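Peer 1: protein.pdb is reproduced in full below (PDB, C-alpha atoms).
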ATOM      1  CA  MET A   1     -15.405   3.400  10.381
ATOM      2  CA  THR A   2     -14.325   2.120   6.986
ATOM      3  CA  THR A   3     -10.748   2.650   5.856
ATOM      4  CA  VAL A   4     -10.257   3.015   2.105
ATOM      5  CA  VAL A   5      -6.793   2.577   0.578
ATOM      6  CA  SER A   6      -6.174   3.899  -2.920
ATOM      7  CA  PRO A   7      -3.466   5.611  -4.994
ATOM      8  CA  LEU A   8      -2.949   9.201  -3.924
ATOM      9  CA  PRO A   9      -4.448  11.756  -6.331
ATOM     10  CA  VAL A  10      -2.299  14.748  -7.234
ATOM     11  CA  GLU A  11      -4.684  17.171  -5.546
ATOM     12  CA  ARG A  12      -4.131  15.437  -2.185
ATOM     13  CA  ILE A  13      -0.324  15.591  -2.216
ATOM     14  CA  GLY A  14      -0.318  18.398   0.344
ATOM     15  CA  ASP A  15      -2.483  16.365   2.735
ATOM     16  CA  ALA A  16      -0.217  13.317   2.426
ATOM     17  CA  VAL A  17       2.914  15.406   3.005
ATOM     18  CA  ALA A  18       1.351  16.965   6.106
ATOM     19  CA  LEU A  19       0.443  13.501   7.415
ATOM     20  CA  LEU A  20       3.977  12.185   6.916
ATOM     21  CA  GLN A  21       5.400  15.329   8.469
ATOM     22  CA  ARG A  22       3.348  14.774  11.624
ATOM     23  CA  THR A  23       3.975  11.043  11.913
ATOM     24  CA  PHE A  24       7.762  11.268  11.509
ATOM     25  CA  MET A  25       8.393  14.152  13.901
ATOM     26  CA  HIS A  26      10.113  11.749  16.303
ATOM     27  CA  ASP A  27      12.256   9.997  13.693
ATOM     28  CA  PRO A  28      15.599   9.476  15.515
ATOM     29  CA  ILE A  29      17.741  10.272  12.459
ATOM     30  CA  PHE A  30      16.063  13.590  11.733
ATOM     31  CA  CYS A  31      15.899  14.407  15.452
ATOM     32  CA  HIS A  32      19.658  13.912  15.649
ATOM     33  CA  PHE A  33      20.448  16.306  12.812
ATOM     34  CA  PHE A  34      17.606  18.761  13.398
ATOM     35  CA  PRO A  35      16.841  18.758  17.149
ATOM     36  CA  ASP A  36      14.706  21.903  17.004
ATOM     37  CA  PRO A  37      11.092  20.831  16.253
ATOM     38  CA  ALA A  38      10.309  23.922  14.172
ATOM     39  CA  SER A  39      13.369  23.399  11.988
ATOM     40  CA  ARG A  40      12.638  19.692  11.692
ATOM     41  CA  SER A  41       9.071  20.438  10.595
ATOM     42  CA  SER A  42      10.380  22.721   7.841
ATOM     43  CA  VAL A  43      12.856  20.040   6.754
ATOM     44  CA  PHE A  44      10.045  17.506   6.506
ATOM     45  CA  THR A  45       7.919  19.850   4.404
ATOM     46  CA  ALA A  46      10.720  20.036   1.831
ATOM     47  CA  PHE A  47      11.811  16.408   2.152
ATOM     48  CA  PHE A  48       8.439  14.658   1.989
ATOM     49  CA  GLY A  49       7.191  17.096  -0.623
ATOM     50  CA  MET A  50      10.061  16.072  -2.880
ATOM     51  CA  ILE A  51       9.652  12.334  -2.208
ATOM     52  CA  VAL A  52       5.911  12.311  -2.882
ATOM     53  CA  ASN A  53       6.117  14.553  -5.952
ATOM     54  CA  THR A  54       8.887  12.503  -7.568
ATOM     55  CA  HIS A  55       7.140   9.173  -6.942
ATOM     56  CA  ILE A  56       3.461   9.848  -7.537
ATOM     57  CA  GLN A  57       4.126   9.407 -11.273
ATOM     58  CA  PHE A  58       4.582   5.653 -10.739
ATOM     59  CA  GLY A  59       1.114   5.167  -9.258
ATOM     60  CA  HIS A  60       2.309   3.606  -6.013
ATOM     61  CA  VAL A  61       1.930   6.397  -3.497
ATOM     62  CA  TYR A  62      -1.025   5.243  -1.413
ATOM     63  CA  ARG A  63      -3.361   6.960   1.006
ATOM     64  CA  ALA A  64      -5.559   5.487   3.712
ATOM     65  CA  GLU A  65      -8.685   7.567   4.147
ATOM     66  CA  ARG A  66     -11.589   7.723   6.581
ATOM     67  CA  ASP A  67     -14.481  10.105   6.129
ATOM     68  CA  GLY A  68     -12.447  12.164   3.676
ATOM     69  CA  ALA A  69      -9.424  12.544   5.981
ATOM     70  CA  ILE A  70      -6.052  11.005   5.153
ATOM     71  CA  ILE A  71      -4.949   8.894   8.110
ATOM     72  CA  GLY A  72      -1.997   7.124   6.486
ATOM     73  CA  ALA A  73       0.331   7.268   3.506
ATOM     74  CA  ALA A  74       2.914   4.987   1.914
ATOM     75  CA  VAL A  75       5.476   5.785  -0.774
ATOM     76  CA  TRP A  76       6.956   2.980  -2.889
ATOM     77  CA  ARG A  77       9.501   3.090  -5.717
ATOM     78  CA  PRO A  78       8.841   0.239  -8.177
ATOM     79  CA  PRO A  79      11.614  -1.934  -9.606
ATOM     80  CA  ASP A  80      11.129  -0.525 -13.112
ATOM     81  CA  ALA A  81      11.240   3.157 -12.088
ATOM     82  CA  GLY A  82      14.451   3.834 -13.976
ATOM     83  CA  ASP A  83      16.788   6.761 -13.449
ATOM     84  CA  PRO A  84      15.527  10.110 -12.110
ATOM     85  CA  THR A  85      14.248  12.481 -14.774
ATOM     86  CA  GLU A  86      15.416  16.052 -15.219
ATOM     87  CA  GLN A  87      12.256  17.204 -13.437
ATOM     88  CA  ASP A  88      12.988  14.797 -10.569
ATOM     89  CA  ARG A  89      16.486  16.261 -10.227
ATOM     90  CA  GLU A  90      15.075  19.778 -10.176
ATOM     91  CA  LEU A  91      12.702  18.830  -7.348
ATOM     92  CA  GLU A  92      15.550  17.141  -5.451
ATOM     93  CA  ASN A  93      17.819  20.151  -5.872
ATOM     94  CA  GLU A  94      15.096  22.536  -4.718
ATOM     95  CA  ALA A  95      14.421  20.415  -1.624
ATOM     96  CA  LEU A  96      18.137  20.190  -0.839
ATOM     97  CA  LYS A  97      18.476  23.951  -1.226
ATOM     98  CA  ASN A  98      15.620  24.514   1.236
ATOM     99  CA  VAL A  99      17.053  22.067   3.774
ATOM    100  CA  ARG A 100      20.586  23.486   3.470
ATOM    101  CA  ALA A 101      19.161  26.936   4.179
ATOM    102  CA  ILE A 102      18.080  25.639   7.593
ATOM    103  CA  ASP A 103      21.410  23.989   8.489
ATOM    104  CA  PRO A 104      23.963  23.300   5.747
ATOM    105  CA  ILE A 105      26.204  21.050   7.852
ATOM    106  CA  ALA A 106      23.334  18.886   9.079
ATOM    107  CA  SER A 107      21.901  18.788   5.570
ATOM    108  CA  ASP A 108      25.158  17.577   4.040
ATOM    109  CA  ARG A 109      25.580  14.873   6.684
ATOM    110  CA  LEU A 110      21.993  13.710   6.224
ATOM    111  CA  THR A 111      22.416  13.596   2.450
ATOM    112  CA  ALA A 112      25.664  11.618   2.786
ATOM    113  CA  GLY A 113      23.901   9.090   5.003
ATOM    114  CA  PHE A 114      21.116   8.574   2.502
ATOM    115  CA  GLY A 115      23.752   8.075  -0.170
ATOM    116  CA  ARG A 116      25.321   5.287   1.877
ATOM    117  CA  LEU A 117      21.921   3.657   2.348
ATOM    118  CA  GLN A 118      21.247   3.830  -1.378
ATOM    119  CA  ALA A 119      24.564   2.105  -2.110
ATOM    120  CA  GLY A 120      23.471  -0.828   0.062
ATOM    121  CA  HIS A 121      20.255  -1.613  -1.788
ATOM    122  CA  PRO A 122      19.869  -5.136  -3.182
ATOM    123  CA  ALA A 123      21.330  -5.649  -6.643
ATOM    124  CA  ASP A 124      18.234  -7.558  -7.757
ATOM    125  CA  PRO A 125      15.145  -5.639  -8.943
ATOM    126  CA  HIS A 126      13.024  -4.717  -5.933
ATOM    127  CA  TRP A 127      10.201  -2.595  -4.629
ATOM    128  CA  TYR A 128      11.596   0.022  -2.254
ATOM    129  CA  LEU A 129       9.425   1.309   0.580
ATOM    130  CA  PHE A 130      10.489   4.901   1.092
ATOM    131  CA  PHE A 131       8.068   5.684   3.909
ATOM    132  CA  VAL A 132       4.836   4.563   5.487
ATOM    133  CA  GLY A 133       3.161   6.670   8.153
ATOM    134  CA  VAL A 134      -0.086   6.302  10.085
ATOM    135  CA  ALA A 135      -1.743   8.943  12.250
ATOM    136  CA  PRO A 136      -0.998   8.149  15.926
ATOM    137  CA  SER A 137      -4.708   7.969  16.778
ATOM    138  CA  CYS A 138      -5.167   5.213  14.183
ATOM    139  CA  ARG A 139      -2.205   2.992  14.998
ATOM    140  CA  GLY A 140      -2.899  -0.578  16.036
ATOM    141  CA  GLN A 141      -5.888  -0.736  13.662
ATOM    142  CA  ARG A 142      -4.107  -2.481  10.735
ATOM    143  CA  VAL A 143      -3.980   0.718   8.693
ATOM    144  CA  GLY A 144      -0.273   0.236   7.951
ATOM    145  CA  GLU A 145      -0.896  -3.319   6.773
ATOM    146  CA  GLN A 146      -3.708  -2.148   4.499
ATOM    147  CA  LEU A 147      -1.450   0.548   3.021
ATOM    148  CA  LEU A 148       1.281  -1.939   2.140
ATOM    149  CA  THR A 149      -0.910  -4.795   0.911
ATOM    150  CA  PRO A 150      -1.364  -3.622  -2.727
ATOM    151  CA  VAL A 151       2.365  -3.636  -3.435
ATOM    152  CA  LEU A 152       3.060  -6.782  -1.413
ATOM    153  CA  HIS A 153       0.452  -8.610  -3.499
ATOM    154  CA  ALA A 154       1.930  -7.189  -6.713
ATOM    155  CA  ALA A 155       5.416  -8.254  -5.642
ATOM    156  CA  ASP A 156       4.206 -11.769  -4.866
ATOM    157  CA  ALA A 157       2.455 -12.032  -8.231
ATOM    158  CA  ALA A 158       5.584 -10.914 -10.110
ATOM    159  CA  GLY A 159       8.070 -12.804  -7.925
ATOM    160  CA  THR A 160       9.842  -9.588  -6.863
ATOM    161  CA  LEU A 161      11.678  -8.621  -3.684
ATOM    162  CA  CYS A 162      10.578  -5.803  -1.368
ATOM    163  CA  TYR A 163      13.105  -3.796   0.616
ATOM    164  CA  LEU A 164      13.040  -1.137   3.323
ATOM    165  CA  GLU A 165      15.052   0.632   5.999
ATOM    166  CA  THR A 166      13.736   1.640   9.402
ATOM    167  CA  PRO A 167      15.247   3.561  12.324
ATOM    168  CA  PHE A 168      12.417   2.389  14.619
ATOM    169  CA  PRO A 169      13.033  -0.880  16.533
ATOM    170  CA  ARG A 170       9.333  -1.001  17.427
ATOM    171  CA  THR A 171       8.443  -1.518  13.751
ATOM    172  CA  HIS A 172      10.441  -4.732  13.350
ATOM    173  CA  ALA A 173       7.661  -7.029  14.529
ATOM    174  CA  PHE A 174       5.129  -5.279  12.288
ATOM    175  CA  TYR A 175       7.243  -5.780   9.181
ATOM    176  CA  GLN A 176       8.099  -9.348  10.141
ATOM    177  CA  ARG A 177       4.379 -10.163  10.309
ATOM    178  CA  LEU A 178       4.179  -9.019   6.678
ATOM    179  CA  GLY A 179       6.978 -11.363   5.639
ATOM    180  CA  PHE A 180      10.046  -9.132   5.934
ATOM    181  CA  LYS A 181      13.235 -10.529   7.419
ATOM    182  CA  MET A 182      16.071  -8.674   9.057
ATOM    183  CA  ARG A 183      18.951  -8.068   6.672
ATOM    184  CA  SER A 184      21.413  -5.879   8.569
ATOM    185  CA  GLU A 185      21.976  -3.161  11.156
ATOM    186  CA  GLU A 186      23.697  -0.140   9.639
ATOM    187  CA  ASN A 187      25.196   3.153  10.821
ATOM    188  CA  PRO A 188      25.166   5.251   7.651
ATOM    189  CA  PHE A 189      24.455   8.536   9.449
ATOM    190  CA  THR A 190      27.574   9.635  11.300
ATOM    191  CA  GLY A 191      26.899  10.015  15.019
ATOM    192  CA  ALA A 192      23.188   9.190  14.669
ATOM    193  CA  PRO A 193      21.275   6.087  15.851
ATOM    194  CA  PRO A 194      21.362   2.920  13.712
ATOM    195  CA  VAL A 195      19.105   1.967  10.835
ATOM    196  CA  TRP A 196      17.894  -1.567  10.173
ATOM    197  CA  THR A 197      17.414  -2.940   6.668
ATOM    198  CA  MET A 198      14.767  -5.566   5.972
ATOM    199  CA  ILE A 199      13.965  -7.624   2.903
ATOM    200  CA  ARG A 200      10.929  -9.621   1.844
ATOM    201  CA  ALA A 201      11.032 -12.466  -0.609
ATOM    202  CA  PRO A 202       7.890 -13.081  -2.682
ATOM    203  CA  ILE A 203       5.660 -15.695  -1.159
ATOM    204  CA  GLY A 204       6.880 -19.188  -1.978
ATOM    205  CA  SER A 205      10.564 -18.302  -2.462
ATOM    206  CA  THR A 206      13.578 -17.113  -0.499
ATOM    207  CA  PRO A 207      15.879 -14.105  -1.102
TER     208      PRO A 207
END
Write out the structure in this file as structure tokens.
Peer 2:
Amino acid sequence: MTTVVSPLPVERIGDAVALLQRTFMHDPIFCHFFPDPASRSSVFTAFFGMIVNTHIQFGHVYRAERDGAIIGAAVWRPPDAGDPTEQDRELENEALKNVRAIDPIASDRLTAGFGRLQAGHPADPHWYLFFVGVAPSCRGQRVGEQLLTPVLHAADAAGTLCYLETPFPRTHAFYQRLGFKMRSEENPFTGAPPVWTMIRAPIGSTP
């Protein structure tokens, strides 16, 4: 079956959010703060909904599709995105309100951890990979690579860094095959498992 990767249209936001919700259900950070699967699912609905809605404006939220079904999604923030708009802040505040309604203490600790991660981003302009998720039944079929290729090619053409964080040790080899190198191991989420940061220099240069 043919896999088609293209920018996500607005009318498919709900499908992409549902895909990310399913693929990240075992994320160790979210499992730590929201151990109940039903609560975690509700958190993801708010969280991924906000992330996709605030980034689709840049044209670099991608879907991988087969026979009309979304089997993968990737969310990038480009280096020229600028500061959040008033509408972005409203979406963020609404998502935070919904998550705090589930567990305010866990929500505050999760938010603080993301703040620490944000503070550690490279100072140089960079593409930031928020999330990439592939349906479990389609893993090992290069869908993730296809999802990331458009931005990696754009970054190479412009001579721009790419940057990401991952809580999954099993993803290290995948990202390294795409040119990412390990940057650091961090513990920004108090009491939770570590997060690894990785950086990719444009082809032909070094960070």
Peer 1: So that I can check the surroundings of Gly120 (chain A), please list as a list in words every protein, DNA and RNA residue that reaches within 12 Å of it, counting only C-alpha atoms and ignoring chain neighbours fewer than 4 positions away.
Peer 2: Gly113, Phe114, Gly115, Arg116, Asp124, Tyr163, Leu164, Glu165, Arg183, Ser184, Glu185, Glu186, Asn187, Pro188, Val195, Trp196, Thr197 and Met198 of chain A
Peer 1: Can you translate the PyMOL selection byres ((chain A and resi 129-144) around 9) into the concrete residues it hits in this file, as a PyMOL selection string?
Peer 2: chain A and resi 3+5+19-24+51+64+70-78+127-128+145-149+162-166+174
Peer 1: Those same residues, written as a compact mmCIF listing (two decimals), keeping the file's coordinate frame with C-alpha atoms?
Peer 2:
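Result file is result.txt:
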# COMPACT_ATOMS: atom_id res chain seq x y z
CA THR A 3 -10.75 2.65 5.86
CA VAL A 5 -6.79 2.58 0.58
CA LEU A 19 0.44 13.50 7.42
CA LEU A 20 3.98 12.18 6.92
CA GLN A 21 5.40 15.33 8.47
CA ARG A 22 3.35 14.77 11.62
CA THR A 23 3.98 11.04 11.91
CA PHE A 24 7.76 11.27 11.51
CA ILE A 51 9.65 12.33 -2.21
CA ALA A 64 -5.56 5.49 3.71
CA ILE A 70 -6.05 11.00 5.15
CA ILE A 71 -4.95 8.89 8.11
CA GLY A 72 -2.00 7.12 6.49
CA ALA A 73 0.33 7.27 3.51
CA ALA A 74 2.91 4.99 1.91
CA VAL A 75 5.48 5.78 -0.77
CA TRP A 76 6.96 2.98 -2.89
CA ARG A 77 9.50 3.09 -5.72
CA PRO A 78 8.84 0.24 -8.18
CA TRP A 127 10.20 -2.60 -4.63
CA TYR A 128 11.60 0.02 -2.25
CA GLU A 145 -0.90 -3.32 6.77
CA GLN A 146 -3.71 -2.15 4.50
CA LEU A 147 -1.45 0.55 3.02
CA LEU A 148 1.28 -1.94 2.14
CA THR A 149 -0.91 -4.80 0.91
CA CYS A 162 10.58 -5.80 -1.37
CA TYR A 163 13.10 -3.80 0.62
CA LEU A 164 13.04 -1.14 3.32
CA GLU A 165 15.05 0.63 6.00
CA THR A 166 13.74 1.64 9.40
CA PHE A 174 5.13 -5.28 12.29
Peer 1: Take CA of Thr45 (chain A) and CA of Ile13 (chain A) and report the distance between them in Å, one decimal.
Peer 2: 11.4 Å
Peer 1: Figure out the distance between CA of Arg12 (chain A) and CA of Glu65 (chain A), please, to one decimal in Å.
Peer 2: 11.1 Å
Peer 1: Here's the selection I'm unsure about, the PyMOL selection byres ((chain A and resi 160) around 8); applied to the file above, which residues does it give, as JSON, numbers by chain?
Peer 2: {"A": [125, 126, 127, 155, 156, 157, 158, 159, 161, 162, 201, 202]}
Peer 1: Give me, please, the distance in Å between CA of His121 (chain A) and CA of Ala154 (chain A), quoted to one decimal.
Peer 2: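 One can read the CA of His121 (chain A) to CA of Ala154 (chain A) distance as 19.8 Å.
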Peer 1: Residues at most 12 Å from Gly49 (chain A), counting only C-alpha atoms, excluding those fewer than 2 positions away in the same chain, as number ranges by chain?
Peer 2: A: 10, 12-21, 41-47, 51-56, 75, 88, 91-92, 94-96, 98-99
Peer 1: What are the centre and edge lengths in Å, to one decimal, of the axis-aligned box around all listed atoms of region 1-15 of chain A with 6 Å added on each side, as JSON?
Peer 2:
{"center_x": -7.9, "center_y": 10.3, "center_z": 1.6, "size_x": 27.1, "size_y": 28.3, "size_z": 29.6}
Peer 1: Could you tell me, as a list of chain:residue names, exactly which residues end up selected when the PyMOL selection byres ((chain A and resi 181) around 6) is applied to this structure?
Peer 2: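 Output from the PyMOL selection byres ((chain A and resi 181) around 6), applied to this file: A:Gln176, A:Phe180, A:Met182, A:Met198, A:Ile199.
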Peer 1: Between A:His153, A:His32, A:Arg177, A:Arg66, single out the one closest to Pro194 (chain A), counting all atoms listed in the file.
Peer 2: A:His32
